[in-house]
$ cat model_13.pdb   # PDB, C-alpha atoms
ATOM      1  CA  MET A   1       6.393  -1.175  16.854  1.00  0.00           C
ATOM      2  CA  LEU A   2       4.012  -3.323  14.863  1.00  0.00           C
ATOM      3  CA  VAL A   3       2.125  -2.800  11.618  1.00  0.00           C
ATOM      4  CA  SER A   4      -1.122  -2.857  13.650  1.00  0.00           C
ATOM      5  CA  ASP A   5       0.014   0.336  15.386  1.00  0.00           C
ATOM      6  CA  ILE A   6       0.132   2.388  12.163  1.00  0.00           C
ATOM      7  CA  MET A   7      -2.034   0.568   9.594  1.00  0.00           C
ATOM      8  CA  ARG A   8      -5.246   2.022   8.288  1.00  0.00           C
ATOM      9  CA  GLY A   9      -8.199  -0.158   9.184  1.00  0.00           C
ATOM     10  CA  ASP A  10     -10.703   1.543   6.894  1.00  0.00           C
ATOM     11  CA  VAL A  11      -9.520  -0.204   3.746  1.00  0.00           C
ATOM     12  CA  LYS A  12     -11.227   0.961   0.580  1.00  0.00           C
ATOM     13  CA  THR A  13     -12.174  -2.003  -1.548  1.00  0.00           C
ATOM     14  CA  ALA A  14     -13.455  -2.849  -4.991  1.00  0.00           C
ATOM     15  CA  ALA A  15     -14.781  -5.917  -6.749  1.00  0.00           C
ATOM     16  CA  ALA A  16     -13.124  -7.436  -9.801  1.00  0.00           C
ATOM     17  CA  GLU A  17     -16.098  -6.293 -11.911  1.00  0.00           C
ATOM     18  CA  ASP A  18     -15.609  -2.610 -11.045  1.00  0.00           C
ATOM     19  CA  THR A  19     -14.027  -0.457 -13.731  1.00  0.00           C
ATOM     20  CA  PHE A  20     -10.760   1.377 -13.422  1.00  0.00           C
ATOM     21  CA  ALA A  21     -12.731   4.629 -13.544  1.00  0.00           C
ATOM     22  CA  ASP A  22     -14.774   3.493 -10.525  1.00  0.00           C
ATOM     23  CA  VAL A  23     -11.598   2.745  -8.594  1.00  0.00           C
ATOM     24  CA  ALA A  24      -9.982   6.032  -9.632  1.00  0.00           C
ATOM     25  CA  LYS A  25     -13.001   7.890  -8.212  1.00  0.00           C
ATOM     26  CA  VAL A  26     -12.635   6.044  -4.895  1.00  0.00           C
ATOM     27  CA  MET A  27      -8.959   6.978  -4.811  1.00  0.00           C
ATOM     28  CA  ARG A  28      -9.645  10.647  -5.536  1.00  0.00           C
ATOM     29  CA  THR A  29     -12.542  10.901  -3.081  1.00  0.00           C
ATOM     30  CA  ASN A  30     -10.508   9.356  -0.266  1.00  0.00           C
ATOM     31  CA  GLY A  31      -7.100  10.840  -1.063  1.00  0.00           C
ATOM     32  CA  ILE A  32      -5.497   7.420  -1.403  1.00  0.00           C
ATOM     33  CA  SER A  33      -3.327   5.755  -4.017  1.00  0.00           C
ATOM     34  CA  SER A  34      -4.472   2.140  -3.844  1.00  0.00           C
ATOM     35  CA  VAL A  35      -7.667   0.130  -3.516  1.00  0.00           C
ATOM     36  CA  VAL A  36      -7.819  -3.493  -2.410  1.00  0.00           C
ATOM     37  CA  VAL A  37      -9.805  -5.859  -4.628  1.00  0.00           C
ATOM     38  CA  LEU A  38     -11.808  -8.541  -2.866  1.00  0.00           C
ATOM     39  CA  ASP A  39     -13.005 -11.758  -4.447  1.00  0.00           C
ATOM     40  CA  GLY A  40     -16.545 -13.090  -4.133  1.00  0.00           C
ATOM     41  CA  ASP A  41     -15.781 -14.591  -0.703  1.00  0.00           C
ATOM     42  CA  GLY A  42     -14.373 -11.335   0.652  1.00  0.00           C
ATOM     43  CA  ALA A  43     -10.775 -12.569   0.469  1.00  0.00           C
ATOM     44  CA  LEU A  44      -7.922 -10.587  -1.039  1.00  0.00           C
ATOM     45  CA  GLY A  45      -8.001 -10.897  -4.816  1.00  0.00           C
ATOM     46  CA  GLY A  46      -5.588  -8.132  -5.780  1.00  0.00           C
ATOM     47  CA  ILE A  47      -4.775  -4.466  -5.479  1.00  0.00           C
ATOM     48  CA  VAL A  48      -5.151  -1.540  -7.866  1.00  0.00           C
ATOM     49  CA  THR A  49      -2.626   1.253  -7.565  1.00  0.00           C
ATOM     50  CA  GLU A  50      -2.196   4.536  -9.366  1.00  0.00           C
ATOM     51  CA  ARG A  51       0.514   2.852 -11.427  1.00  0.00           C
ATOM     52  CA  ASP A  52      -1.983   0.212 -12.639  1.00  0.00           C
ATOM     53  CA  ILE A  53      -4.322   2.962 -13.835  1.00  0.00           C
ATOM     54  CA  VAL A  54      -1.514   4.825 -15.593  1.00  0.00           C
ATOM     55  CA  ASN A  55      -0.368   1.588 -17.278  1.00  0.00           C
ATOM     56  CA  LEU A  56      -3.908   0.897 -18.508  1.00  0.00           C
ATOM     57  CA  VAL A  57      -4.335   4.366 -19.997  1.00  0.00           C
ATOM     58  CA  ALA A  58      -0.831   4.363 -21.514  1.00  0.00           C
ATOM     59  CA  ALA A  59      -1.618   1.049 -23.211  1.00  0.00           C
ATOM     60  CA  GLY A  60      -4.756   2.558 -24.770  1.00  0.00           C
ATOM     61  CA  GLY A  61      -7.278   0.931 -22.420  1.00  0.00           C
ATOM     62  CA  ASP A  62     -10.542   2.668 -21.615  1.00  0.00           C
ATOM     63  CA  PRO A  63     -10.796   3.062 -17.826  1.00  0.00           C
ATOM     64  CA  HIS A  64     -14.581   3.413 -18.150  1.00  0.00           C
ATOM     65  CA  SER A  65     -15.016  -0.027 -19.678  1.00  0.00           C
ATOM     66  CA  VAL A  66     -12.041  -2.136 -18.533  1.00  0.00           C
ATOM     67  CA  THR A  67     -12.656  -3.932 -15.261  1.00  0.00           C
ATOM     68  CA  VAL A  68      -9.992  -4.144 -12.607  1.00  0.00           C
ATOM     69  CA  ALA A  69      -9.886  -7.930 -13.039  1.00  0.00           C
ATOM     70  CA  TYR A  70      -7.903  -7.304 -16.222  1.00  0.00           C
ATOM     71  CA  GLY A  71      -5.256  -4.987 -14.829  1.00  0.00           C
ATOM     72  CA  MET A  72      -5.001  -5.253 -11.075  1.00  0.00           C
ATOM     73  CA  THR A  73      -1.863  -6.511  -9.409  1.00  0.00           C
ATOM     74  CA  ARG A  74      -2.557 -10.058  -8.343  1.00  0.00           C
ATOM     75  CA  ARG A  75       0.517 -12.124  -9.036  1.00  0.00           C
ATOM     76  CA  ASN A  76       3.005 -12.347  -6.204  1.00  0.00           C
ATOM     77  CA  LEU A  77       0.758 -10.118  -4.121  1.00  0.00           C
ATOM     78  CA  GLU A  78       2.598  -9.345  -0.902  1.00  0.00           C
ATOM     79  CA  THR A  79       0.826  -9.093   2.415  1.00  0.00           C
ATOM     80  CA  VAL A  80       1.763  -8.814   6.066  1.00  0.00           C
ATOM     81  CA  ASP A  81      -0.086  -9.619   9.239  1.00  0.00           C
ATOM     82  CA  ALA A  82      -0.835  -7.086  11.938  1.00  0.00           C
ATOM     83  CA  LYS A  83       1.963  -8.421  14.158  1.00  0.00           C
ATOM     84  CA  THR A  84       4.691  -7.770  11.586  1.00  0.00           C
ATOM     85  CA  ASP A  85       7.378  -5.389  12.800  1.00  0.00           C
ATOM     86  CA  ILE A  86       7.244  -2.131  10.845  1.00  0.00           C
ATOM     87  CA  ALA A  87      10.953  -2.417  10.043  1.00  0.00           C
ATOM     88  CA  VAL A  88      10.264  -5.772   8.364  1.00  0.00           C
ATOM     89  CA  ALA A  89       7.365  -4.232   6.420  1.00  0.00           C
ATOM     90  CA  ALA A  90       9.624  -1.346   5.314  1.00  0.00           C
ATOM     91  CA  ASP A  91      12.331  -3.784   4.160  1.00  0.00           C
ATOM     92  CA  ARG A  92       9.774  -5.812   2.219  1.00  0.00           C
ATOM     93  CA  MET A  93       8.447  -2.710   0.470  1.00  0.00           C
ATOM     94  CA  VAL A  94      11.937  -1.689  -0.617  1.00  0.00           C
ATOM     95  CA  SER A  95      13.007  -5.152  -1.752  1.00  0.00           C
ATOM     96  CA  LEU A  96       9.869  -5.537  -3.865  1.00  0.00           C
ATOM     97  CA  ASN A  97       9.625  -1.880  -4.965  1.00  0.00           C
ATOM     98  CA  ILE A  98       6.063  -1.548  -3.696  1.00  0.00           C
ATOM     99  CA  ARG A  99       4.369   1.222  -1.740  1.00  0.00           C
ATOM    100  CA  HIS A 100       1.363  -0.597  -0.251  1.00  0.00           C
ATOM    101  CA  LEU A 101       0.997  -3.763   1.815  1.00  0.00           C
ATOM    102  CA  PRO A 102      -2.417  -5.212   2.588  1.00  0.00           C
ATOM    103  CA  VAL A 103      -2.623  -6.438   6.176  1.00  0.00           C
ATOM    104  CA  VAL A 104      -4.377  -9.784   6.502  1.00  0.00           C
ATOM    105  CA  ASP A 105      -5.648 -12.071   9.195  1.00  0.00           C
ATOM    106  CA  GLY A 106      -5.799 -15.403   7.395  1.00  0.00           C
ATOM    107  CA  SER A 107      -7.557 -14.585   4.133  1.00  0.00           C
ATOM    108  CA  ARG A 108      -9.402 -11.557   5.545  1.00  0.00           C
ATOM    109  CA  VAL A 109      -8.077  -8.049   4.857  1.00  0.00           C
ATOM    110  CA  VAL A 110      -7.944  -6.102   8.130  1.00  0.00           C
ATOM    111  CA  GLY A 111      -5.928  -3.084   7.058  1.00  0.00           C
ATOM    112  CA  ILE A 112      -3.353  -1.592   4.751  1.00  0.00           C
ATOM    113  CA  VAL A 113      -0.018   0.056   5.393  1.00  0.00           C
ATOM    114  CA  SER A 114       1.654   2.376   2.921  1.00  0.00           C
ATOM    115  CA  ILE A 115       5.058   3.939   2.695  1.00  0.00           C
ATOM    116  CA  ARG A 116       3.263   7.216   3.477  1.00  0.00           C
ATOM    117  CA  ASP A 117       2.019   5.714   6.765  1.00  0.00           C
ATOM    118  CA  LEU A 118       5.545   4.600   7.645  1.00  0.00           C
ATOM    119  CA  THR A 119       6.996   8.007   6.818  1.00  0.00           C
ATOM    120  CA  LYS A 120       4.338   9.846   8.812  1.00  0.00           C
ATOM    121  CA  TRP A 121       4.915   7.590  11.819  1.00  0.00           C
ATOM    122  CA  ALA A 122       8.699   8.040  11.627  1.00  0.00           C
ATOM    123  CA  ALA A 123       8.425  11.832  11.405  1.00  0.00           C
ATOM    124  CA  GLU A 124       6.045  11.949  14.368  1.00  0.00           C
ATOM    125  CA  GLU A 125       8.242   9.565  16.333  1.00  0.00           C
ATOM    126  CA  LEU A 126      11.332  11.688  15.812  1.00  0.00           C
ATOM    127  CA  ALA A 127       9.693  15.084  16.237  1.00  0.00           C
ATOM    128  CA  GLY A 128       7.026  14.220  18.790  1.00  0.00           C
ATOM    129  CA  GLY A 129       9.033  14.827  21.914  1.00  0.00           C
ATOM    130  CA  HIS A 130       9.019  11.173  22.989  1.00  0.00           C
ATOM    131  CA  GLU A 131      11.398  10.411  25.830  1.00  0.00           C
ATOM    132  CA  MET A 132      12.737   7.396  23.960  1.00  0.00           C
ATOM    133  CA  PRO A 133      11.977   7.707  20.236  1.00  0.00           C
ATOM    134  CA  ASP A 134      12.299   4.509  18.266  1.00  0.00           C
ATOM    135  CA  MET A 135      15.362   5.620  16.324  1.00  0.00           C
ATOM    136  CA  ALA A 136      16.120   2.324  14.583  1.00  0.00           C
ATOM    137  CA  ARG A 137      12.616   1.779  13.206  1.00  0.00           C
ATOM    138  CA  SER A 138      12.216   5.456  12.359  1.00  0.00           C
ATOM    139  CA  GLN A 139      15.457   5.389  10.396  1.00  0.00           C
ATOM    140  CA  LYS A 140      14.377   2.181   8.633  1.00  0.00           C
ATOM    141  CA  ALA A 141      11.021   3.698   7.645  1.00  0.00           C
ATOM    142  CA  LEU A 142      12.577   6.906   6.343  1.00  0.00           C
ATOM    143  CA  ALA A 143      15.300   4.998   4.494  1.00  0.00           C
ATOM    144  CA  ALA A 144      12.630   2.824   2.871  1.00  0.00           C
ATOM    145  CA  ALA A 145      10.702   5.885   1.709  1.00  0.00           C
ATOM    146  CA  SER A 146      13.861   7.419   0.304  1.00  0.00           C
ATOM    147  CA  GLU A 147      14.867   4.226  -1.505  1.00  0.00           C
ATOM    148  CA  LEU A 148      11.400   3.745  -3.024  1.00  0.00           C
ATOM    149  CA  GLN A 149      11.470   7.338  -4.254  1.00  0.00           C
ATOM    150  CA  LYS A 150      14.838   6.709  -5.911  1.00  0.00           C
ATOM    151  CA  GLN A 151      13.565   3.494  -7.516  1.00  0.00           C
ATOM    152  CA  ARG A 152      10.524   5.350  -8.877  1.00  0.00           C
ATOM    153  CA  ARG A 153      12.711   8.029 -10.463  1.00  0.00           C
ATOM    154  CA  LEU A 154      14.891   5.399 -12.134  1.00  0.00           C
ATOM    155  CA  SER A 155      11.978   3.419 -13.591  1.00  0.00           C
TER     156      SER A 155
END

$ encode --input "model_13.pdb" --output "structure tokens"
Amino acid sequence: MLVSDIMRGDVKTAAAEDTFADVAKVMRTNGISSVVVLDGDGALGGIVTERDIVNLVAAGGDPHSVTVAYGMTRRNLETVDAKTDIAVAADRMVSLNIRHLPVVDGSRVVGIVSIRDLTKWAAEELAGGHEMPDMARSQKALAAASELQKQRRLS
């Protein structure tokens, strides 16, 4: 099973000049927990997650005036391509303690996969009545979700 089989192609994006409040509204409206930031050429510039917003507010920043350029995750930004095996994506998420992976084709963002997507796929795979459920990848996805939850509680 590949990332392309479970990724979301309707990636919600922002520009570096958008405020954290703007991005938070996009997250709330769409029921998501991350927004991809594109640079002026449409290439991946960073990602804003719920954690980035919490960190900004906790540090005393004003989400209505601070632009995402000043608080988005951009260093060591991890990505995968659509042909990445979902077990590899799950391992990468756990090893880096991240919950979202932008999916790229060259420099163009074509999707995003989250730990929620992996968990949903694994649950459907195991409970869906498939003749031959993908046990190994399902276990890997569920183990990744469990490990990330543990890491979140410890931090």

$ residues_around --input "model_13.pdb" --residues "Arg8 (chain A)" --least-positions-apart "5" --cutoff "7 Å" --atoms "all atoms listed in the file" --output "count of residues only"
3

$ residues_around --input "model_13.pdb" --residues "Ala14 (chain A)" --least-positions-apart "2" --cutoff "12 Å" --atoms "all atoms listed in the file" --output "VMD selection string"
chain A and resid 11 to 12 16 to 27 34 to 40 42 to 49 67 to 69 72

$ residues_around --input "model_13.pdb" --residues "Ala143 (chain A)" --least-positions-apart "3" --cutoff "12 Å" --atoms "all atoms listed in the file" --output "PyMOL selection string"
chain A and resi 87+90-91+93-94+115+118-119+122-123+135-140+146-150

$ atom_distance --input "model_13.pdb" --atom1 "CA of Ala89 (chain A)" --atom2 "CA of Arg116 (chain A)"
12.5 Å

$ residues_around --input "model_13.pdb" --residues "Asp5 (chain A)" --least-positions-apart "2" --cutoff "12 Å" --atoms "only C-alpha atoms" --output "PyMOL selection string"
chain A and resi 1-3+7-9+81-86+103+111-113+117-118+121

$ atom_distance --input "model_13.pdb" --atom1 "CA of Leu56 (chain A)" --atom2 "CA of Arg28 (chain A)"
17.2 Å

$ atom_distance --input "model_13.pdb" --atom1 "CA of His64 (chain A)" --atom2 "CA of Gly31 (chain A)"
20.1 Å

$ closest_residue --input "model_13.pdb" --among "A:Ser33, A:Ser114, A:Ser65, A:Asn76" --to "Leu96 (chain A)" --atoms "only C-alpha atoms"
A:Asn76

$ closest_residue --input "model_13.pdb" --among "A:Asp41, A:Glu50, A:Glu124, A:Asp105" --to "Gly71 (chain A)" --atoms "all atoms listed in the file"
A:Glu50

$ resolve_selection --input "model_13.pdb" --expression "the PyMOL selection byres ((chain A and resi 79) around 7)" --output "PyMOL selection string"
chain A and resi 77-78+80-81+101-104

$ closest_residue --input "model_13.pdb" --among "A:Val88, A:Ile32, A:Ala15, A:Ile6" --to "Lys120 (chain A)" --atoms "all atoms listed in the file"
A:Ile6

$ build_atoms --input "model_13.pdb" --residues "region 103-119 of chain A" --atoms "N, CA and C atoms" --output "mmCIF file, keeping the file's coordinate frame"
data_model
loop_
_atom_site.group_PDB
_atom_site.id
_atom_site.type_symbol
_atom_site.label_atom_id
_atom_site.label_comp_id
_atom_site.auth_asym_id
_atom_site.auth_seq_id
_atom_site.Cartn_x
_atom_site.Cartn_y
_atom_site.Cartn_z
ATOM 1 N N VAL A 103 -2.812 -5.742 4.904
ATOM 2 C CA VAL A 103 -2.623 -6.438 6.176
ATOM 3 C C VAL A 103 -3.754 -7.450 6.291
ATOM 4 N N VAL A 104 -3.382 -8.714 6.496
ATOM 5 C CA VAL A 104 -4.377 -9.784 6.502
ATOM 6 C C VAL A 104 -4.358 -10.555 7.814
ATOM 7 N N ASP A 105 -5.496 -11.111 8.106
ATOM 8 C CA ASP A 105 -5.648 -12.071 9.195
ATOM 9 C C ASP A 105 -6.236 -13.305 8.533
ATOM 10 N N GLY A 106 -5.376 -14.269 8.219
ATOM 11 C CA GLY A 106 -5.799 -15.403 7.395
ATOM 12 C C GLY A 106 -6.029 -14.901 5.989
ATOM 13 N N SER A 107 -7.245 -15.083 5.474
ATOM 14 C CA SER A 107 -7.557 -14.585 4.133
ATOM 15 C C SER A 107 -8.327 -13.265 4.182
ATOM 16 N N ARG A 108 -8.614 -12.769 5.381
ATOM 17 C CA ARG A 108 -9.402 -11.557 5.545
ATOM 18 C C ARG A 108 -8.504 -10.320 5.622
ATOM 19 N N VAL A 109 -8.820 -9.309 4.836
ATOM 20 C CA VAL A 109 -8.077 -8.049 4.857
ATOM 21 C C VAL A 109 -8.553 -7.237 6.060
ATOM 22 N N VAL A 110 -7.600 -6.858 6.926
ATOM 23 C CA VAL A 110 -7.944 -6.102 8.130
ATOM 24 C C VAL A 110 -7.355 -4.696 8.120
ATOM 25 N N GLY A 111 -6.532 -4.402 7.126
ATOM 26 C CA GLY A 111 -5.928 -3.084 7.058
ATOM 27 C C GLY A 111 -4.999 -2.968 5.874
ATOM 28 N N ILE A 112 -4.360 -1.824 5.781
ATOM 29 C CA ILE A 112 -3.353 -1.592 4.751
ATOM 30 C C ILE A 112 -2.327 -0.631 5.331
ATOM 31 N N VAL A 113 -1.080 -0.843 4.970
ATOM 32 C CA VAL A 113 -0.018 0.056 5.393
ATOM 33 C C VAL A 113 0.715 0.520 4.135
ATOM 34 N N SER A 114 0.976 1.802 4.084
ATOM 35 C CA SER A 114 1.654 2.376 2.921
ATOM 36 C C SER A 114 2.971 2.994 3.359
ATOM 37 N N ILE A 115 3.799 3.268 2.390
ATOM 38 C CA ILE A 115 5.058 3.939 2.695
ATOM 39 C C ILE A 115 4.771 5.318 3.287
ATOM 40 N N ARG A 116 3.671 5.927 2.904
ATOM 41 C CA ARG A 116 3.263 7.216 3.477
ATOM 42 C C ARG A 116 2.965 7.066 4.970
ATOM 43 N N ASP A 117 2.296 5.965 5.344
ATOM 44 C CA ASP A 117 2.019 5.714 6.765
ATOM 45 C C ASP A 117 3.313 5.542 7.553
ATOM 46 N N LEU A 118 4.258 4.802 6.976
ATOM 47 C CA LEU A 118 5.545 4.600 7.645
ATOM 48 C C LEU A 118 6.304 5.917 7.810
ATOM 49 N N THR A 119 6.296 6.728 6.770
ATOM 50 C CA THR A 119 6.996 8.007 6.818
ATOM 51 C C THR A 119 6.363 8.942 7.843
#
